[in-house]
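K.L.:
The structure is given below, and queries will be raised subsequently.
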Amino acid sequence: MRIIIAGAGHVSETLAKQLHDEKHEIVIVDRSRDRLDQLAKNLDVSFLCGDVTDPAILQEADPGRSDVLICLTDVDQTNIMCAALGRALGYKRVIPSVGDPRLKVLAESLSFDEYITPAETVAEKLRSML
């Protein structure tokens with residue numbers, strides 16, 4: 001699979017490493033050139049420097065060749081905007097991260113069938129371990 005990850009935080013880094021180890025093609029998009037340079041020292045994936053809410057940047061990541069756009073910045077509104085733009089540009093699947101439970105209703109109203117809520121995901125994992 002070809003997977004675009006918007007945002008270059010720790011979750012993105014861990015996910016990219018795991019998916020790359022499974023032989024997926026990964027592109028990480030972030031506005032911080034310094035952060036991308038730092039990740040490039042440890043990850044053998046592709047990088048694109050730019051704003052994930054800029055349609056031109058998401059278009060450059062090539063939605064027609066990509067299987068999924070995962071929006072993992074540290075700002076929920078950015079993730080929702082990125083996912084909405086991704087859908088409009090033709091990404092087959094978009095998965096935003098929505099940490100603020102109050103914004104889940106927005107994600108649902110925009111008909112995002114798939115989205116991640118980090119606190120709930122961690123809680124569910126811990127509960128299943130008990």
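The chains in the structure tokens are called A, B, ... from first to last as shown; in each chain the residues are counted from 1, and the ligands are counted from 1 in the order shown.
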Hey, what's within 7 Å of Leu48 (chain A) if we count only C-alpha atoms and toss same-chain stuff fewer than 4 positions away? As a list in words, please?

P.N.:
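Counting only C-alpha atoms, the residues come to Ile28, Val29 and Asp30 of chain A.
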
K.L.:
Please identify which residues in chain A DSSP calls strand (DSSP E or B) from the backbone, and express them as a PyMOL selection string.

P.N.:
chain A and resi 2-6+25-30+46-49+68-71+94-97+116

K.L.:
Could you pull the residues within 10 Å of Glu120 (chain A), counting only C-alpha atoms, minus those fewer than 4 positions along the same chain, as a VMD selection string?

P.N.:
chain A and resid 99 101 116 124 to 126

K.L.:
What lies within 6 Å of Tyr91 (chain A) using only C-alpha atoms, ignoring chain neighbours under 3 positions off, as a list in words?

P.N.:
Pro63, Gly86 and Arg87 of chain A

K.L.:
Within 12 Å of Glu60 (chain A), counting only C-alpha atoms, which residues qualify if same-chain residues fewer than 5 places away don't, as a PyMOL selection string?

P.N.:
chain A and resi 4+27+29+47-52+54-55+65-66+86+89

K.L.:
Please save all heavy atoms of the selected residues as an mmCIF file, in the first residue's frame.

P.N.:
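Contents of out_18.cif, as written:
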```
data_model
loop_
_atom_site.group_PDB
_atom_site.id
_atom_site.type_symbol
_atom_site.label_atom_id
_atom_site.label_comp_id
_atom_site.auth_asym_id
_atom_site.auth_seq_id
_atom_site.Cartn_x
_atom_site.Cartn_y
_atom_site.Cartn_z
ATOM 1 N N ILE A 4 0.019 7.932 2.888
ATOM 2 C CA ILE A 4 0.454 9.300 3.156
ATOM 3 C C ILE A 4 0.121 9.599 4.617
ATOM 4 O O ILE A 4 -1.019 9.415 5.048
ATOM 5 C CB ILE A 4 -0.267 10.320 2.239
ATOM 6 C CG1 ILE A 4 -0.194 9.905 0.763
ATOM 7 C CG2 ILE A 4 0.288 11.723 2.472
ATOM 8 C CD1 ILE A 4 1.199 9.720 0.213
ATOM 9 N N VAL A 27 4.862 8.107 2.755
ATOM 10 C CA VAL A 27 5.240 9.499 2.547
ATOM 11 C C VAL A 27 4.757 10.278 3.768
ATOM 12 O O VAL A 27 3.568 10.238 4.095
ATOM 13 C CB VAL A 27 4.610 10.101 1.275
ATOM 14 C CG1 VAL A 27 5.017 11.566 1.124
ATOM 15 C CG2 VAL A 27 4.978 9.298 0.038
ATOM 16 N N VAL A 29 4.243 13.976 5.389
ATOM 17 C CA VAL A 29 4.100 15.372 4.992
ATOM 18 C C VAL A 29 4.049 16.231 6.254
ATOM 19 O O VAL A 29 3.265 15.960 7.161
ATOM 20 C CB VAL A 29 2.807 15.600 4.177
ATOM 21 C CG1 VAL A 29 2.719 17.046 3.701
ATOM 22 C CG2 VAL A 29 2.714 14.627 3.014
ATOM 23 N N PHE A 47 9.570 11.976 2.081
ATOM 24 C CA PHE A 47 9.133 13.139 2.835
ATOM 25 C C PHE A 47 8.718 14.238 1.877
ATOM 26 O O PHE A 47 9.299 14.388 0.801
ATOM 27 C CB PHE A 47 10.260 13.650 3.739
ATOM 28 C CG PHE A 47 10.715 12.636 4.747
ATOM 29 C CD1 PHE A 47 11.820 11.837 4.493
ATOM 30 C CD2 PHE A 47 10.034 12.468 5.939
ATOM 31 C CE1 PHE A 47 12.242 10.887 5.411
ATOM 32 C CE2 PHE A 47 10.438 11.526 6.862
ATOM 33 C CZ PHE A 47 11.549 10.734 6.606
ATOM 34 N N LEU A 48 7.726 15.004 2.303
ATOM 35 C CA LEU A 48 7.255 16.152 1.535
ATOM 36 C C LEU A 48 7.055 17.288 2.526
ATOM 37 O O LEU A 48 6.293 17.153 3.488
ATOM 38 C CB LEU A 48 5.943 15.814 0.821
ATOM 39 C CG LEU A 48 5.252 16.920 0.045
ATOM 40 C CD1 LEU A 48 6.158 17.460 -1.062
ATOM 41 C CD2 LEU A 48 3.948 16.404 -0.546
ATOM 42 N N CYS A 49 7.755 18.391 2.303
ATOM 43 C CA CYS A 49 7.673 19.527 3.218
ATOM 44 C C CYS A 49 6.601 20.493 2.727
ATOM 45 O O CYS A 49 6.653 20.977 1.594
ATOM 46 C CB CYS A 49 9.018 20.244 3.312
ATOM 47 S SG CYS A 49 9.054 21.514 4.601
ATOM 48 N N GLY A 50 5.605 20.743 3.594
ATOM 49 C CA GLY A 50 4.558 21.684 3.248
ATOM 50 C C GLY A 50 3.403 21.598 4.224
ATOM 51 O O GLY A 50 3.343 20.709 5.076
ATOM 52 N N ASP A 51 2.481 22.513 4.082
ATOM 53 C CA ASP A 51 1.305 22.613 4.934
ATOM 54 C C ASP A 51 0.269 21.571 4.495
ATOM 55 O O ASP A 51 -0.175 21.577 3.347
ATOM 56 C CB ASP A 51 0.732 24.028 4.805
ATOM 57 C CG ASP A 51 -0.465 24.296 5.694
ATOM 58 O OD1 ASP A 51 -1.062 23.351 6.238
ATOM 59 O OD2 ASP A 51 -0.808 25.482 5.836
ATOM 60 N N VAL A 52 -0.141 20.714 5.432
ATOM 61 C CA VAL A 52 -1.075 19.632 5.090
ATOM 62 C C VAL A 52 -2.488 20.137 4.820
ATOM 63 O O VAL A 52 -3.344 19.352 4.400
ATOM 64 C CB VAL A 52 -1.089 18.522 6.166
ATOM 65 C CG1 VAL A 52 0.284 17.911 6.329
ATOM 66 C CG2 VAL A 52 -1.630 19.035 7.489
ATOM 67 N N ASP A 54 -2.850 22.657 2.659
ATOM 68 C CA ASP A 54 -2.673 23.295 1.349
ATOM 69 C C ASP A 54 -3.019 22.266 0.273
ATOM 70 O O ASP A 54 -2.332 21.243 0.145
ATOM 71 C CB ASP A 54 -1.226 23.764 1.205
ATOM 72 C CG ASP A 54 -0.942 24.450 -0.115
ATOM 73 O OD1 ASP A 54 -1.748 24.310 -1.074
ATOM 74 O OD2 ASP A 54 0.099 25.110 -0.213
ATOM 75 N N PRO A 55 -4.077 22.507 -0.500
ATOM 76 C CA PRO A 55 -4.463 21.542 -1.522
ATOM 77 C C PRO A 55 -3.320 21.185 -2.482
ATOM 78 O O PRO A 55 -3.210 20.030 -2.914
ATOM 79 C CB PRO A 55 -5.608 22.222 -2.268
ATOM 80 C CG PRO A 55 -6.155 23.213 -1.294
ATOM 81 C CD PRO A 55 -4.979 23.658 -0.461
ATOM 82 N N ARG A 65 -2.358 7.750 -6.709
ATOM 83 C CA ARG A 65 -1.476 6.598 -6.468
ATOM 84 C C ARG A 65 -1.517 6.120 -5.023
ATOM 85 O O ARG A 65 -0.887 5.119 -4.687
ATOM 86 C CB ARG A 65 -0.025 6.979 -6.791
ATOM 87 C CG ARG A 65 0.279 7.091 -8.261
ATOM 88 C CD ARG A 65 1.780 7.259 -8.533
ATOM 89 N NE ARG A 65 2.610 6.465 -7.641
ATOM 90 C CZ ARG A 65 3.657 6.945 -6.957
ATOM 91 N NH1 ARG A 65 3.989 8.216 -7.051
ATOM 92 N NH2 ARG A 65 4.382 6.157 -6.192
ATOM 93 N N SER A 66 -2.231 6.836 -4.171
ATOM 94 C CA SER A 66 -2.195 6.555 -2.739
ATOM 95 C C SER A 66 -3.429 5.778 -2.299
ATOM 96 O O SER A 66 -4.529 5.976 -2.812
ATOM 97 C CB SER A 66 -2.118 7.866 -1.958
ATOM 98 O OG SER A 66 -0.986 8.608 -2.369
ATOM 99 N N GLY A 86 -8.338 16.034 1.564
ATOM 100 C CA GLY A 86 -7.924 14.765 0.967
ATOM 101 C C GLY A 86 -9.071 14.072 0.254
ATOM 102 O O GLY A 86 -8.921 13.568 -0.857
ATOM 103 N N LEU A 89 -9.845 15.840 -2.930
ATOM 104 C CA LEU A 89 -8.811 15.651 -3.956
ATOM 105 C C LEU A 89 -8.769 14.220 -4.498
ATOM 106 O O LEU A 89 -8.006 13.944 -5.417
ATOM 107 C CB LEU A 89 -7.442 16.023 -3.382
ATOM 108 C CG LEU A 89 -7.246 17.513 -3.112
ATOM 109 C CD1 LEU A 89 -5.952 17.741 -2.332
ATOM 110 C CD2 LEU A 89 -7.246 18.305 -4.408
#
```

K.L.:
If I take CA of Leu69 (chain A) and CA of Ala123 (chain A), how far is one from the other in Å, to one decimal?

P.N.:
24.3 Å

K.L.:
Closest to Ile3 (chain A) among A:Glu108, A:Asp44, A:Asp67, A:Asp113, using only C-alpha atoms?

P.N.:
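Among the listed residues, A:Asp67 lies closest to Ile3 (chain A).
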
K.L.:
Name all residues at most 6 Å from region 76-85 of chain A (count only C-alpha atoms; drop same-chain ones fewer than 3 positions away) and give them as a list in words.

P.N.:
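Residues near the query, excluding close chain neighbours: Val52, Thr53, Cys71, Ala88, Val94, Pro96 and Val98 of chain A.
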
K.L.:
Separation of CA of Val68 (chain A) and CA of Ser128 (chain A), in Å?

P.N.:
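Answer for the CA of Val68 (chain A) to CA of Ser128 (chain A) separation: 27.3 Å.
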
K.L.:
Pick out the closest residue to Leu43 (chain A) from this set: A:Asp100, A:Asp21, A:Glu114, A:Asp74. Count only C-alpha atoms.

P.N.:
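Closest to Leu43 (chain A) of all the choices is A:Asp21.
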
K.L.:
Would you return as a PyMOL selection string the members of region 51-87 of chain A that DSSP assigns to helix (DSSP H, G or I) on this structure's backbone?

P.N.:
chain A and resi 55-60+63-65+76-87

K.L.:
Let's have the selection written as a short mmCIF file (atom, residue, chain, number, x, y, z; two decimals), in the first residue's frame, with all heavy atoms.

P.N.:
```cif
data_model
loop_
_atom_site.label_atom_id
_atom_site.label_comp_id
_atom_site.auth_asym_id
_atom_site.auth_seq_id
_atom_site.Cartn_x
_atom_site.Cartn_y
_atom_site.Cartn_z
N PRO A 55 -4.08 22.51 -0.50
CA PRO A 55 -4.46 21.54 -1.52
C PRO A 55 -3.32 21.18 -2.48
O PRO A 55 -3.21 20.03 -2.91
CB PRO A 55 -5.61 22.22 -2.27
CG PRO A 55 -6.15 23.21 -1.29
CD PRO A 55 -4.98 23.66 -0.46
N ALA A 56 -2.47 22.14 -2.80
CA ALA A 56 -1.36 21.87 -3.73
C ALA A 56 -0.39 20.85 -3.13
O ALA A 56 0.13 19.99 -3.85
CB ALA A 56 -0.63 23.16 -4.07
N ILE A 57 -0.15 20.92 -1.82
CA ILE A 57 0.76 19.97 -1.18
C ILE A 57 0.13 18.57 -1.17
O ILE A 57 0.79 17.58 -1.48
CB ILE A 57 1.10 20.43 0.26
CG1 ILE A 57 1.92 21.72 0.21
CG2 ILE A 57 1.82 19.34 1.04
CD1 ILE A 57 3.28 21.60 -0.45
N LEU A 58 -1.15 18.49 -0.81
CA LEU A 58 -1.81 17.18 -0.80
C LEU A 58 -1.91 16.61 -2.21
O LEU A 58 -1.82 15.39 -2.40
CB LEU A 58 -3.20 17.28 -0.17
CG LEU A 58 -3.22 17.57 1.33
CD1 LEU A 58 -4.66 17.65 1.84
CD2 LEU A 58 -2.43 16.53 2.11
N GLN A 59 -2.05 17.47 -3.20
CA GLN A 59 -2.07 17.01 -4.59
C GLN A 59 -0.69 16.49 -5.00
O GLN A 59 -0.58 15.48 -5.69
CB GLN A 59 -2.50 18.15 -5.52
CG GLN A 59 -2.76 17.74 -6.94
CD GLN A 59 -3.97 16.84 -7.07
OE1 GLN A 59 -5.02 17.12 -6.49
NE2 GLN A 59 -3.85 15.76 -7.80
N GLU A 60 0.35 17.16 -4.54
CA GLU A 60 1.72 16.73 -4.84
C GLU A 60 2.01 15.34 -4.28
O GLU A 60 2.81 14.59 -4.85
CB GLU A 60 2.72 17.75 -4.28
CG GLU A 60 4.14 17.53 -4.74
CD GLU A 60 5.09 18.61 -4.26
OE1 GLU A 60 4.65 19.74 -3.98
OE2 GLU A 60 6.30 18.32 -4.20
N PRO A 63 -2.77 11.77 -4.76
CA PRO A 63 -3.89 10.97 -4.28
C PRO A 63 -4.25 9.80 -5.18
O PRO A 63 -4.69 8.76 -4.69
CB PRO A 63 -5.04 11.98 -4.19
CG PRO A 63 -4.62 13.18 -4.93
CD PRO A 63 -3.13 13.17 -5.00
N GLY A 64 -4.05 9.93 -6.48
CA GLY A 64 -4.40 8.85 -7.41
C GLY A 64 -3.57 7.59 -7.21
O GLY A 64 -4.04 6.49 -7.50
N ARG A 65 -2.36 7.75 -6.71
CA ARG A 65 -1.48 6.60 -6.47
C ARG A 65 -1.52 6.12 -5.02
O ARG A 65 -0.89 5.12 -4.69
CB ARG A 65 -0.02 6.98 -6.79
CG ARG A 65 0.28 7.09 -8.26
CD ARG A 65 1.78 7.26 -8.53
NE ARG A 65 2.61 6.46 -7.64
CZ ARG A 65 3.66 6.95 -6.96
NH1 ARG A 65 3.99 8.22 -7.05
NH2 ARG A 65 4.38 6.16 -6.19
N ASP A 76 -6.34 19.01 16.10
CA ASP A 76 -7.53 18.33 15.58
C ASP A 76 -8.14 19.02 14.37
O ASP A 76 -8.51 18.37 13.39
CB ASP A 76 -8.60 18.21 16.67
CG ASP A 76 -8.23 17.27 17.78
OD1 ASP A 76 -7.33 16.43 17.59
OD2 ASP A 76 -8.86 17.36 18.85
N GLN A 77 -8.25 20.35 14.44
CA GLN A 77 -8.85 21.09 13.34
C GLN A 77 -8.04 20.92 12.05
O GLN A 77 -8.61 20.83 10.97
CB GLN A 77 -9.00 22.57 13.70
CG GLN A 77 -9.99 22.82 14.82
CD GLN A 77 -9.38 22.72 16.22
OE1 GLN A 77 -8.33 22.12 16.43
NE2 GLN A 77 -10.06 23.31 17.20
N THR A 78 -6.72 20.88 12.19
CA THR A 78 -5.86 20.65 11.03
C THR A 78 -6.11 19.26 10.46
O THR A 78 -6.19 19.08 9.24
CB THR A 78 -4.38 20.82 11.41
OG1 THR A 78 -4.18 22.16 11.88
CG2 THR A 78 -3.46 20.55 10.23
N ASN A 79 -6.25 18.28 11.32
CA ASN A 79 -6.50 16.91 10.87
C ASN A 79 -7.83 16.81 10.13
O ASN A 79 -7.93 16.15 9.09
CB ASN A 79 -6.49 15.94 12.06
CG ASN A 79 -5.12 15.82 12.67
OD1 ASN A 79 -4.10 16.02 12.02
ND2 ASN A 79 -5.08 15.50 13.95
N ILE A 80 -8.86 17.46 10.66
CA ILE A 80 -10.17 17.42 10.02
C ILE A 80 -10.12 18.14 8.67
O ILE A 80 -10.64 17.62 7.66
CB ILE A 80 -11.24 18.02 10.96
CG1 ILE A 80 -11.45 17.09 12.16
CG2 ILE A 80 -12.55 18.26 10.21
CD1 ILE A 80 -12.28 17.69 13.28
N MET A 81 -9.46 19.29 8.62
CA MET A 81 -9.33 20.03 7.35
C MET A 81 -8.53 19.21 6.33
O MET A 81 -8.90 19.11 5.16
CB MET A 81 -8.67 21.39 7.58
CG MET A 81 -8.37 22.14 6.29
SD MET A 81 -9.84 22.60 5.40
CE MET A 81 -10.11 24.18 6.09
N CYS A 82 -7.44 18.62 6.78
CA CYS A 82 -6.61 17.79 5.91
C CYS A 82 -7.42 16.63 5.33
O CYS A 82 -7.35 16.34 4.14
CB CYS A 82 -5.40 17.29 6.71
SG CYS A 82 -4.30 16.20 5.80
N ALA A 83 -8.19 15.98 6.19
CA ALA A 83 -9.01 14.84 5.73
C ALA A 83 -10.08 15.30 4.74
O ALA A 83 -10.32 14.63 3.73
CB ALA A 83 -9.64 14.14 6.93
N ALA A 84 -10.71 16.44 5.02
CA ALA A 84 -11.74 16.95 4.10
C ALA A 84 -11.13 17.30 2.74
O ALA A 84 -11.69 16.96 1.69
CB ALA A 84 -12.43 18.17 4.72
N LEU A 85 -9.97 17.95 2.77
CA LEU A 85 -9.28 18.26 1.51
C LEU A 85 -8.86 16.98 0.79
O LEU A 85 -8.99 16.87 -0.43
CB LEU A 85 -8.06 19.13 1.77
CG LEU A 85 -8.32 20.60 2.06
CD1 LEU A 85 -7.05 21.27 2.54
CD2 LEU A 85 -8.88 21.30 0.84
N GLY A 86 -8.34 16.03 1.56
CA GLY A 86 -7.92 14.77 0.97
C GLY A 86 -9.07 14.07 0.25
O GLY A 86 -8.92 13.57 -0.86
N ARG A 87 -10.22 14.05 0.91
CA ARG A 87 -11.40 13.44 0.28
C ARG A 87 -11.75 14.18 -1.01
O ARG A 87 -12.02 13.57 -2.05
CB ARG A 87 -12.58 13.46 1.23
CG ARG A 87 -13.81 12.81 0.59
CD ARG A 87 -15.06 12.98 1.38
NE ARG A 87 -14.97 12.22 2.61
CZ ARG A 87 -15.61 12.55 3.72
NH1 ARG A 87 -16.36 13.63 3.77
NH2 ARG A 87 -15.51 11.80 4.79
#
```
